[in-house]
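First up is the structure itself, then whatever we jot down about it.
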Amino acid sequence: MGYLAQRMVGAVLALAFVLDSVEAFTRVTSGRSGTVCENGFRRCVRQASECIDNRCQCDPETSGTPGLACYTSEFERSEILNDPNLRDYIRELIRLPVTCRYLFTSFQTTWNILPDSHCKVEVHAFNAKKYGKTFVHGFDIAIRVSTPFTSPPTGDISFRKYGIANNGTYTFEEQATLQFLPDGPWELTAMQAYTSLPSTVLRIRHDPYNNQAYIDVSGRQINTCGFKLYFRPFDVIYGKNQPQIPGLSVAVSRDHNITWLSQSKVMALSPTGDTVEGLASQLNLDPRYVMLYRLFTSNVVQNQPDAAPACSAVSDVVAACTDQTLLQLAFQECTFILTSEKFIGCFDKSTNGHKYLGLFKRCFQSICTRSTSQCLTVRSDIHKRCSFKLTTLDRPNCSSSAT
């Protein structure tokens with residue numbers, strides 16, 4: 001056993017937690033981030049990327065999304081950028097145009113000095129909307145630290161982190177619990193919760209310059225979990241013109257012997273699991289709809305802030321559609337309801353998307369049950385209110401749902 005490992009024997013995972021009668025730990029930042037780029041339209045990440053040839057580019061020997069996060073070569077990375085589009089660990093593009101909660105990624109890592117010590121991590125993300133624009137609103141992360149060299153042998157912590165920006169001012173809200181609870185409940189905290197690894201404190205930190213909440217327990221020479229996470233909220237005033245790219249990014253170090261978990265449910269497909277094309281072949285479903293099908297049939301708890309009841313209702317309808325031909329047809333005829341930003345902005349003024357998800361549910365159900373009358377009702381609801389926002393007016397095609 002090496003010197004650092006010897007120092008670990010008998011060590012204790014220190015836990016600290018403070019409660020008070022407030023809704024959540026709140027942090028507000030308004031940093032200007034890094035250099036101005038793209039004709040003044042974007043800002044690069046301070047101390048991570050620079051403007052070269054009028055484009056933000058990650059610093060040498062790193063790669064990533066230079067407006068959000070950059071990583072060295074030992075990291076596998078995935079990110080959710082706003083529309084929202086997810087880039088999985090094998091760099092496939094996955095569209096997630098729903099205001100629901102979903103399992104983003106899950107993995108276990110090994111400490112790089114103590115091979116019998118592990119970190120289990122589960123990250124859920126959830127979306128919201130402003131007008132017709134859907135964006136990642138926040139994340140839930142549950143972490144279990146296990147090592148035989150401590151007393152007690154495990155240390156658990158779970159966070160809920162979400163936020164919004166308003167004209168360059170970023171407000172982050174945080175709740176936490178000292179248990180491994182991927183779906184909560186989380187406690188209402190007046191101060192930040194944390195647990196201590198042998199050589200660092202595991203908590204959510206804030207970068208006030210780049211307006212990011214982040215976790216970094218990725219050290220290569222010390223006993224850590226070997227992953228990083230960065231989150232920057234969406235600016236409801238700037239919208240698409242937000243100078244600092246919003247999104248959620250997770251990267252895991254291959255130096256920490258990654259085991260990918262929950263591979264049948266995660267949205268960020270791993271290097272050792274299925275591809276979108278592979279899943280499409282297994283399900284006999286168009287690749288465009290495969291990950292939406294997974295999202296709606298993974299039985300993820302919908303308890304995000306201001307959760308739309310329609311998220312659970314859509315899941316029930318999609319799961320009940322067992323005829324493969326009708327399932328494909330329902331996605332084909334109804335998915336435009338989820339993807340037409342102008343239509344959504346017209347039809348649904350809410351922030352949780354309950355109305356447009358409810359319309360999608362009714363459309364999907366009408367096709368799967370071959371109910372022409374229900375389909376015509378959906379079509380009427382679309383055309384009498386917001387058809388002028390659509391480029392295609394022949395959907396849903398109710399003749400396709402006729403018995």
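The chains in the structure tokens are called A, B, ... from first to last as shown; in each chain the residues are counted from 1, and the ligands are counted from 1 in the order shown.
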
Residues near Gln179 in chain A, anyone? I mean within 9 Å using only C-alpha atoms, not counting same-chain ones fewer than 4 positions away, as a compact mmCIF listing (two decimals) with N, CA, C and O atoms, in the first residue's frame.
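As written to disk, selection00.txt reads:
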```txt
# COMPACT_ATOMS: atom_id res chain seq x y z
N ALA A 142 -27.05 12.64 -7.76
CA ALA A 142 -26.89 11.82 -6.55
C ALA A 142 -25.53 11.15 -6.61
O ALA A 142 -25.16 10.57 -7.63
N ILE A 143 -24.78 11.22 -5.50
CA ILE A 143 -23.41 10.70 -5.46
C ILE A 143 -23.26 9.81 -4.22
O ILE A 143 -23.61 10.23 -3.11
N ARG A 144 -22.72 8.62 -4.43
CA ARG A 144 -22.40 7.72 -3.31
C ARG A 144 -20.90 7.43 -3.35
O ARG A 144 -20.38 6.91 -4.33
N GLY A 155 -20.42 7.56 2.01
CA GLY A 155 -20.89 8.92 2.22
C GLY A 155 -21.77 9.30 1.06
O GLY A 155 -21.35 9.22 -0.10
N ASP A 156 -23.01 9.65 1.34
CA ASP A 156 -23.97 9.97 0.28
C ASP A 156 -24.31 11.45 0.28
O ASP A 156 -24.36 12.09 1.34
N ILE A 157 -24.57 11.97 -0.90
CA ILE A 157 -25.06 13.34 -1.02
C ILE A 157 -25.81 13.48 -2.33
O ILE A 157 -25.44 12.85 -3.34
N SER A 158 -26.89 14.23 -2.32
CA SER A 158 -27.69 14.48 -3.52
C SER A 158 -28.05 15.96 -3.58
O SER A 158 -28.36 16.57 -2.55
N GLY A 184 -34.90 12.58 -5.10
CA GLY A 184 -35.28 13.35 -3.94
C GLY A 184 -36.07 12.50 -2.95
O GLY A 184 -36.11 11.27 -3.06
N TRP A 186 -35.27 16.46 -1.57
CA TRP A 186 -34.12 17.21 -1.12
C TRP A 186 -34.57 18.17 -0.03
O TRP A 186 -35.73 18.56 0.04
```

Shell around range 70-74 of chain A at 9 Å using only C-alpha atoms, local window under 3 positions removed, as a PyMOL selection string: chain A and resi 45+48-49+58-59+61-67+77+251-255

What separation in Å, quoted to one decimal, exists between CA of Arg379 in chain A and CA of Lys361 in chain A?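 Separation between CA of Arg379 in chain A and CA of Lys361 in chain A: 12.9 Å.
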
For CA of Thr200 in chain A and CA of Phe159 in chain A, determine how far apart the two atoms are, in Å to one decimal place.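 Straight-line distance from CA of Thr200 in chain A to CA of Phe159 in chain A works out to 17.5 Å.
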
Range 101-116 of chain A surroundings by only C-alpha atoms, 9 Å radius, close-in-sequence under 5 positions cut, as an mmCIF file with N, CA and C atoms, in the first residue's frame:
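Saved file selection.cif follows:
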```
data_model
loop_
_atom_site.group_PDB
_atom_site.id
_atom_site.type_symbol
_atom_site.label_atom_id
_atom_site.label_comp_id
_atom_site.auth_asym_id
_atom_site.auth_seq_id
_atom_site.Cartn_x
_atom_site.Cartn_y
_atom_site.Cartn_z
ATOM 1 N N MET A 1 0.848 -1.197 0.000
ATOM 2 C CA MET A 1 0.000 0.000 0.000
ATOM 3 C C MET A 1 0.881 1.243 0.000
ATOM 4 N N GLY A 2 0.629 2.188 -0.918
ATOM 5 C CA GLY A 2 1.424 3.395 -1.028
ATOM 6 C C GLY A 2 1.197 4.355 0.117
ATOM 7 N N LEU A 4 0.104 7.477 0.178
ATOM 8 C CA LEU A 4 -1.177 8.175 0.214
ATOM 9 C C LEU A 4 -2.293 7.239 0.637
ATOM 10 N N ALA A 5 -2.214 5.984 0.184
ATOM 11 C CA ALA A 5 -3.234 5.019 0.591
ATOM 12 C C ALA A 5 -3.166 4.757 2.089
ATOM 13 N N MET A 8 -4.978 7.059 4.198
ATOM 14 C CA MET A 8 -6.427 6.946 4.167
ATOM 15 C C MET A 8 -6.981 6.028 5.232
ATOM 16 N N SER A 78 -20.253 14.602 -22.428
ATOM 17 C CA SER A 78 -21.576 14.740 -23.024
ATOM 18 C C SER A 78 -22.161 16.056 -22.550
ATOM 19 N N ILE A 80 -25.730 18.957 -22.858
ATOM 20 C CA ILE A 80 -27.054 19.358 -23.329
ATOM 21 C C ILE A 80 -26.981 20.851 -23.595
ATOM 22 N N VAL A 121 -22.510 7.759 -9.500
ATOM 23 C CA VAL A 121 -23.075 9.064 -9.837
ATOM 24 C C VAL A 121 -24.279 8.875 -10.752
ATOM 25 N N GLU A 122 -25.349 9.581 -10.448
ATOM 26 C CA GLU A 122 -26.551 9.554 -11.281
ATOM 27 C C GLU A 122 -27.023 10.984 -11.493
ATOM 28 N N VAL A 123 -27.168 11.384 -12.751
ATOM 29 C CA VAL A 123 -27.528 12.766 -13.080
ATOM 30 C C VAL A 123 -28.811 12.782 -13.898
ATOM 31 N N HIS A 124 -29.830 13.421 -13.372
ATOM 32 C CA HIS A 124 -31.041 13.710 -14.129
ATOM 33 C C HIS A 124 -31.007 15.181 -14.565
ATOM 34 N N ALA A 125 -31.626 15.465 -15.683
ATOM 35 C CA ALA A 125 -31.786 16.841 -16.132
ATOM 36 C C ALA A 125 -33.267 17.104 -16.366
ATOM 37 N N PHE A 126 -33.646 18.365 -16.366
ATOM 38 C CA PHE A 126 -35.038 18.710 -16.655
ATOM 39 C C PHE A 126 -35.088 20.032 -17.415
ATOM 40 N N ASN A 127 -36.090 20.125 -18.283
ATOM 41 C CA ASN A 127 -36.224 21.262 -19.181
ATOM 42 C C ASN A 127 -37.394 22.152 -18.790
ATOM 43 N N PHE A 139 -30.569 20.406 -12.999
ATOM 44 C CA PHE A 139 -30.185 19.005 -12.895
ATOM 45 C C PHE A 139 -30.307 18.527 -11.458
ATOM 46 N N SER A 146 -17.920 5.310 -1.738
ATOM 47 C CA SER A 146 -17.747 4.069 -0.985
ATOM 48 C C SER A 146 -16.270 3.711 -0.894
ATOM 49 N N THR A 147 -15.791 3.446 0.314
ATOM 50 C CA THR A 147 -14.412 2.999 0.505
ATOM 51 C C THR A 147 -14.303 2.213 1.805
ATOM 52 N N PRO A 148 -13.592 1.105 1.832
ATOM 53 C CA PRO A 148 -13.442 0.336 3.070
ATOM 54 C C PRO A 148 -12.507 0.989 4.070
ATOM 55 N N PHE A 149 -11.854 2.080 3.681
ATOM 56 C CA PHE A 149 -10.856 2.712 4.540
ATOM 57 C C PHE A 149 -11.431 3.814 5.409
ATOM 58 N N GLY A 219 -9.293 15.174 -9.880
ATOM 59 C CA GLY A 219 -7.849 15.170 -9.735
ATOM 60 C C GLY A 219 -7.203 13.853 -10.128
ATOM 61 N N ARG A 220 -6.033 13.914 -10.742
ATOM 62 C CA ARG A 220 -5.360 12.714 -11.245
ATOM 63 C C ARG A 220 -4.384 12.121 -10.219
ATOM 64 N N GLN A 221 -3.964 12.887 -9.225
ATOM 65 C CA GLN A 221 -2.956 12.411 -8.288
ATOM 66 C C GLN A 221 -3.506 12.214 -6.889
ATOM 67 N N ILE A 222 -4.787 12.407 -6.713
ATOM 68 C CA ILE A 222 -5.401 12.283 -5.398
ATOM 69 C C ILE A 222 -6.649 11.424 -5.525
ATOM 70 N N ASN A 223 -7.193 11.003 -4.384
ATOM 71 C CA ASN A 223 -8.373 10.149 -4.380
ATOM 72 C C ASN A 223 -9.628 10.978 -4.617
ATOM 73 N N THR A 224 -10.117 10.951 -5.826
ATOM 74 C CA THR A 224 -11.318 11.688 -6.178
ATOM 75 C C THR A 224 -12.182 10.845 -7.096
ATOM 76 N N CYS A 225 -13.343 11.379 -7.434
ATOM 77 C CA CYS A 225 -14.317 10.612 -8.220
ATOM 78 C C CYS A 225 -14.040 10.625 -9.715
ATOM 79 N N GLY A 226 -13.259 11.548 -10.200
ATOM 80 C CA GLY A 226 -12.879 11.527 -11.598
ATOM 81 C C GLY A 226 -13.927 12.051 -12.560
ATOM 82 N N PHE A 227 -14.721 13.048 -12.149
ATOM 83 C CA PHE A 227 -15.672 13.631 -13.096
ATOM 84 C C PHE A 227 -15.804 15.136 -12.855
ATOM 85 N N VAL A 250 -21.250 17.185 -18.691
ATOM 86 C CA VAL A 250 -20.657 16.214 -17.765
ATOM 87 C C VAL A 250 -19.520 15.509 -18.480
ATOM 88 N N VAL A 252 -16.293 12.511 -17.765
ATOM 89 C CA VAL A 252 -15.811 11.458 -16.867
ATOM 90 C C VAL A 252 -14.446 10.997 -17.351
ATOM 91 N N SER A 253 -13.500 10.854 -16.418
ATOM 92 C CA SER A 253 -12.133 10.503 -16.773
ATOM 93 C C SER A 253 -11.961 8.992 -16.947
ATOM 94 N N ARG A 254 -11.375 8.611 -18.095
ATOM 95 C CA ARG A 254 -11.064 7.194 -18.322
ATOM 96 C C ARG A 254 -9.995 6.688 -17.364
ATOM 97 N N ASP A 255 -9.239 7.603 -16.730
ATOM 98 C CA ASP A 255 -8.239 7.204 -15.743
ATOM 99 C C ASP A 255 -8.871 6.585 -14.502
ATOM 100 N N HIS A 256 -10.181 6.713 -14.377
ATOM 101 C CA HIS A 256 -10.879 6.244 -13.181
ATOM 102 C C HIS A 256 -11.745 5.017 -13.453
ATOM 103 N N ASN A 257 -11.422 4.263 -14.500
ATOM 104 C CA ASN A 257 -12.050 2.950 -14.737
ATOM 105 C C ASN A 257 -13.573 3.066 -14.726
ATOM 106 N N ILE A 258 -14.109 3.730 -15.721
ATOM 107 C CA ILE A 258 -15.544 4.032 -15.773
ATOM 108 C C ILE A 258 -16.366 2.762 -15.997
ATOM 109 N N THR A 259 -17.411 2.610 -15.204
ATOM 110 C CA THR A 259 -18.456 1.626 -15.470
ATOM 111 C C THR A 259 -19.735 2.398 -15.755
ATOM 112 N N TRP A 260 -20.279 2.230 -16.962
ATOM 113 C CA TRP A 260 -21.491 2.956 -17.339
ATOM 114 C C TRP A 260 -22.709 2.212 -16.818
ATOM 115 N N LEU A 261 -23.612 2.930 -16.146
ATOM 116 C CA LEU A 261 -24.775 2.335 -15.493
ATOM 117 C C LEU A 261 -26.079 2.731 -16.203
ATOM 118 N N SER A 262 -27.135 1.980 -15.911
ATOM 119 C CA SER A 262 -28.491 2.277 -16.417
ATOM 120 C C SER A 262 -28.503 2.517 -17.919
ATOM 121 N N GLN A 263 -27.806 1.658 -18.664
ATOM 122 C CA GLN A 263 -27.633 1.911 -20.090
ATOM 123 C C GLN A 263 -28.929 1.758 -20.887
ATOM 124 N N LYS A 265 -31.665 3.212 -19.942
ATOM 125 C CA LYS A 265 -32.502 4.371 -19.622
ATOM 126 C C LYS A 265 -31.843 5.711 -19.907
ATOM 127 N N VAL A 266 -30.517 5.780 -19.885
ATOM 128 C CA VAL A 266 -29.842 7.077 -20.005
ATOM 129 C C VAL A 266 -30.043 7.672 -21.391
ATOM 130 N N MET A 267 -30.080 8.997 -21.439
ATOM 131 C CA MET A 267 -30.195 9.684 -22.715
ATOM 132 C C MET A 267 -28.825 9.904 -23.356
ATOM 133 N N ALA A 268 -27.787 10.052 -22.544
ATOM 134 C CA ALA A 268 -26.432 10.198 -23.073
ATOM 135 C C ALA A 268 -25.832 8.813 -23.290
ATOM 136 N N LEU A 269 -25.917 8.320 -24.508
ATOM 137 C CA LEU A 269 -25.427 6.976 -24.801
ATOM 138 C C LEU A 269 -23.917 6.912 -24.605
ATOM 139 N N SER A 270 -23.436 5.786 -24.076
ATOM 140 C CA SER A 270 -22.037 5.655 -23.664
ATOM 141 C C SER A 270 -21.203 4.990 -24.743
ATOM 142 N N LEU A 295 -37.166 8.360 -23.723
ATOM 143 C CA LEU A 295 -37.464 9.357 -22.691
ATOM 144 C C LEU A 295 -38.848 9.123 -22.098
ATOM 145 N N PHE A 296 -39.830 8.862 -22.974
ATOM 146 C CA PHE A 296 -41.204 8.727 -22.500
ATOM 147 C C PHE A 296 -41.496 7.373 -21.854
ATOM 148 N N SER A 298 -39.163 5.500 -19.927
ATOM 149 C CA SER A 298 -38.158 5.141 -18.915
ATOM 150 C C SER A 298 -38.662 5.267 -17.489
ATOM 151 N N ASN A 299 -39.913 5.675 -17.320
ATOM 152 C CA ASN A 299 -40.525 5.768 -15.986
ATOM 153 C C ASN A 299 -39.735 6.665 -15.038
ATOM 154 N N VAL A 300 -39.228 7.779 -15.559
ATOM 155 C CA VAL A 300 -38.512 8.741 -14.725
ATOM 156 C C VAL A 300 -39.516 9.590 -13.959
ATOM 157 N N VAL A 301 -39.263 9.788 -12.672
ATOM 158 C CA VAL A 301 -40.147 10.593 -11.826
ATOM 159 C C VAL A 301 -40.164 12.034 -12.336
ATOM 160 N N GLN A 302 -41.356 12.577 -12.506
ATOM 161 C CA GLN A 302 -41.510 13.956 -12.995
ATOM 162 C C GLN A 302 -41.806 14.883 -11.818
ATOM 163 N N ASN A 303 -40.767 15.231 -11.078
ATOM 164 C CA ASN A 303 -40.935 16.082 -9.890
ATOM 165 C C ASN A 303 -40.094 17.346 -9.974
ATOM 166 N N GLN A 304 -39.753 17.769 -11.189
ATOM 167 C CA GLN A 304 -38.984 18.995 -11.369
ATOM 168 C C GLN A 304 -39.810 20.215 -10.967
ATOM 169 N N ALA A 307 -43.486 21.121 -12.533
ATOM 170 C CA ALA A 307 -43.577 19.977 -13.454
ATOM 171 C C ALA A 307 -44.914 19.973 -14.178
ATOM 172 N N CYS A 311 -46.344 15.450 -18.781
ATOM 173 C CA CYS A 311 -45.173 14.593 -18.994
ATOM 174 C C CYS A 311 -45.495 13.148 -18.636
#
```

In Å, how far is it from CA of His118 in chain A to CA of Leu229 in chain A? 17.7 Å

From a DSSP calculation on the backbone, collect every residue of range 23-244 of chain A in strand (DSSP E or B) and output the set as a PyMOL selection string. chain A and resi 25-29+36-37+42-43+49-52+55-58+62-65+69-72+75-81+85-87+93-95+101-110+118-130+133-146+150+154-166+169-177+187+194-196+201-202+205-207+212-217+227-232+235

Could you save those same residues with C-alpha atoms as a short mmCIF file (atom, residue, chain, number, x, y, z; two decimals), in the first residue's frame?
```cif
data_model
loop_
_atom_site.label_atom_id
_atom_site.label_comp_id
_atom_site.auth_asym_id
_atom_site.auth_seq_id
_atom_site.Cartn_x
_atom_site.Cartn_y
_atom_site.Cartn_z
CA PHE A 25 -29.60 28.09 -1.11
CA THR A 26 -29.47 30.93 -3.66
CA ARG A 27 -26.46 32.28 -5.53
CA VAL A 28 -26.51 35.24 -7.95
CA THR A 29 -23.71 36.00 -10.41
CA VAL A 36 -15.62 38.75 -26.88
CA CYS A 37 -15.91 36.73 -30.09
CA ARG A 42 -20.49 35.47 -28.03
CA ARG A 43 -18.10 35.34 -25.12
CA SER A 49 -11.08 29.09 -24.39
CA GLU A 50 -9.97 32.00 -26.57
CA CYS A 51 -11.26 33.79 -29.64
CA ILE A 52 -9.26 32.62 -32.67
CA ARG A 55 -14.55 31.78 -33.13
CA CYS A 56 -14.22 30.62 -29.53
CA GLN A 57 -11.80 27.70 -29.43
CA CYS A 58 -10.72 25.52 -26.52
CA THR A 62 -8.31 20.41 -24.72
CA SER A 63 -11.59 19.97 -26.57
CA GLY A 64 -15.24 20.52 -25.89
CA THR A 65 -17.86 23.21 -26.39
CA ALA A 69 -16.63 23.74 -21.06
CA CYS A 70 -13.35 22.30 -22.35
CA TYR A 71 -11.65 19.07 -21.22
CA THR A 72 -8.33 17.29 -21.61
CA PHE A 75 -12.33 12.69 -20.51
CA GLU A 76 -15.45 11.24 -22.07
CA ARG A 77 -17.92 14.12 -22.33
CA SER A 78 -21.58 14.74 -23.02
CA GLU A 79 -23.55 17.97 -22.97
CA ILE A 80 -27.05 19.36 -23.33
CA LEU A 81 -27.15 22.63 -25.21
CA ASN A 85 -29.90 19.22 -28.14
CA LEU A 86 -27.90 16.54 -26.36
CA ARG A 87 -24.52 15.34 -27.60
CA LEU A 93 -26.97 14.46 -31.68
CA ILE A 94 -30.19 13.76 -29.76
CA ARG A 95 -33.09 16.22 -29.72
CA ARG A 101 -37.27 15.28 -16.51
CA TYR A 102 -34.99 12.50 -17.82
CA LEU A 103 -31.95 10.45 -16.84
CA PHE A 104 -29.01 12.25 -18.43
CA THR A 105 -26.13 9.96 -17.39
CA SER A 106 -25.14 7.39 -14.76
CA PHE A 107 -21.75 5.84 -14.04
CA GLN A 108 -19.38 4.47 -11.41
CA THR A 109 -15.72 5.42 -11.13
CA THR A 110 -12.77 4.05 -9.15
CA HIS A 118 -15.73 4.01 -5.78
CA CYS A 119 -18.04 6.87 -6.64
CA LYS A 120 -21.49 6.12 -8.02
CA VAL A 121 -23.08 9.06 -9.84
CA GLU A 122 -26.55 9.55 -11.28
CA VAL A 123 -27.53 12.77 -13.08
CA HIS A 124 -31.04 13.71 -14.13
CA ALA A 125 -31.79 16.84 -16.13
CA PHE A 126 -35.04 18.71 -16.65
CA ASN A 127 -36.22 21.26 -19.18
CA ALA A 128 -38.48 24.32 -19.15
CA LYS A 129 -39.65 26.76 -21.82
CA LYS A 130 -39.99 30.44 -22.57
CA LYS A 133 -38.01 28.00 -26.78
CA THR A 134 -37.21 24.89 -24.73
CA PHE A 135 -34.06 24.89 -22.58
CA VAL A 136 -32.35 22.86 -19.88
CA HIS A 137 -33.54 24.34 -16.58
CA GLY A 138 -31.43 22.35 -14.12
CA PHE A 139 -30.18 19.00 -12.89
CA ASP A 140 -30.38 16.52 -10.03
CA ILE A 141 -27.23 14.66 -9.05
CA ALA A 142 -26.89 11.82 -6.55
CA ILE A 143 -23.41 10.70 -5.46
CA ARG A 144 -22.40 7.72 -3.31
CA VAL A 145 -18.77 7.56 -2.14
CA SER A 146 -17.75 4.07 -0.98
CA THR A 150 -13.36 5.04 6.21
CA THR A 154 -20.09 5.24 2.53
CA GLY A 155 -20.89 8.92 2.22
CA ASP A 156 -23.97 9.97 0.28
CA ILE A 157 -25.06 13.34 -1.02
CA SER A 158 -27.69 14.48 -3.52
CA PHE A 159 -28.30 17.92 -5.00
CA ARG A 160 -31.00 19.64 -7.00
CA LYS A 161 -29.62 22.65 -8.88
CA TYR A 162 -31.57 24.86 -11.25
CA GLY A 163 -31.55 28.43 -12.41
CA ILE A 164 -32.52 31.16 -14.79
CA ALA A 165 -30.78 34.23 -16.15
CA ASN A 166 -32.36 37.61 -16.74
CA THR A 169 -27.87 38.21 -14.14
CA TYR A 170 -27.79 34.51 -13.25
CA THR A 171 -29.76 33.14 -10.30
CA PHE A 172 -29.00 29.61 -9.06
CA GLU A 173 -31.18 27.70 -6.59
CA GLU A 174 -29.96 24.66 -4.67
CA GLN A 175 -31.46 21.98 -2.45
CA ALA A 176 -29.66 18.96 -1.04
CA THR A 177 -29.78 15.91 1.21
CA GLU A 187 -33.96 19.39 1.96
CA TYR A 194 -21.17 19.13 1.22
CA THR A 195 -19.38 15.88 1.92
CA SER A 196 -15.61 15.54 2.23
CA VAL A 201 -14.69 18.83 -0.51
CA LEU A 202 -17.46 17.48 -2.73
CA ARG A 205 -19.27 25.46 -6.49
CA HIS A 206 -19.86 28.63 -8.50
CA ASP A 207 -17.71 30.44 -11.02
CA GLN A 212 -21.54 28.60 -13.93
CA ALA A 213 -22.36 26.13 -11.19
CA TYR A 214 -19.88 23.28 -11.27
CA ILE A 215 -18.54 20.15 -9.59
CA ASP A 216 -14.90 19.23 -10.12
CA VAL A 217 -13.64 16.11 -8.36
CA PHE A 227 -15.67 13.63 -13.10
CA LYS A 228 -16.63 17.24 -13.81
CA LEU A 229 -19.99 18.93 -14.29
CA TYR A 230 -20.78 22.46 -15.51
CA PHE A 231 -24.17 24.20 -15.69
CA ARG A 232 -25.08 27.64 -17.00
CA ASP A 235 -31.26 33.81 -20.23
#
```
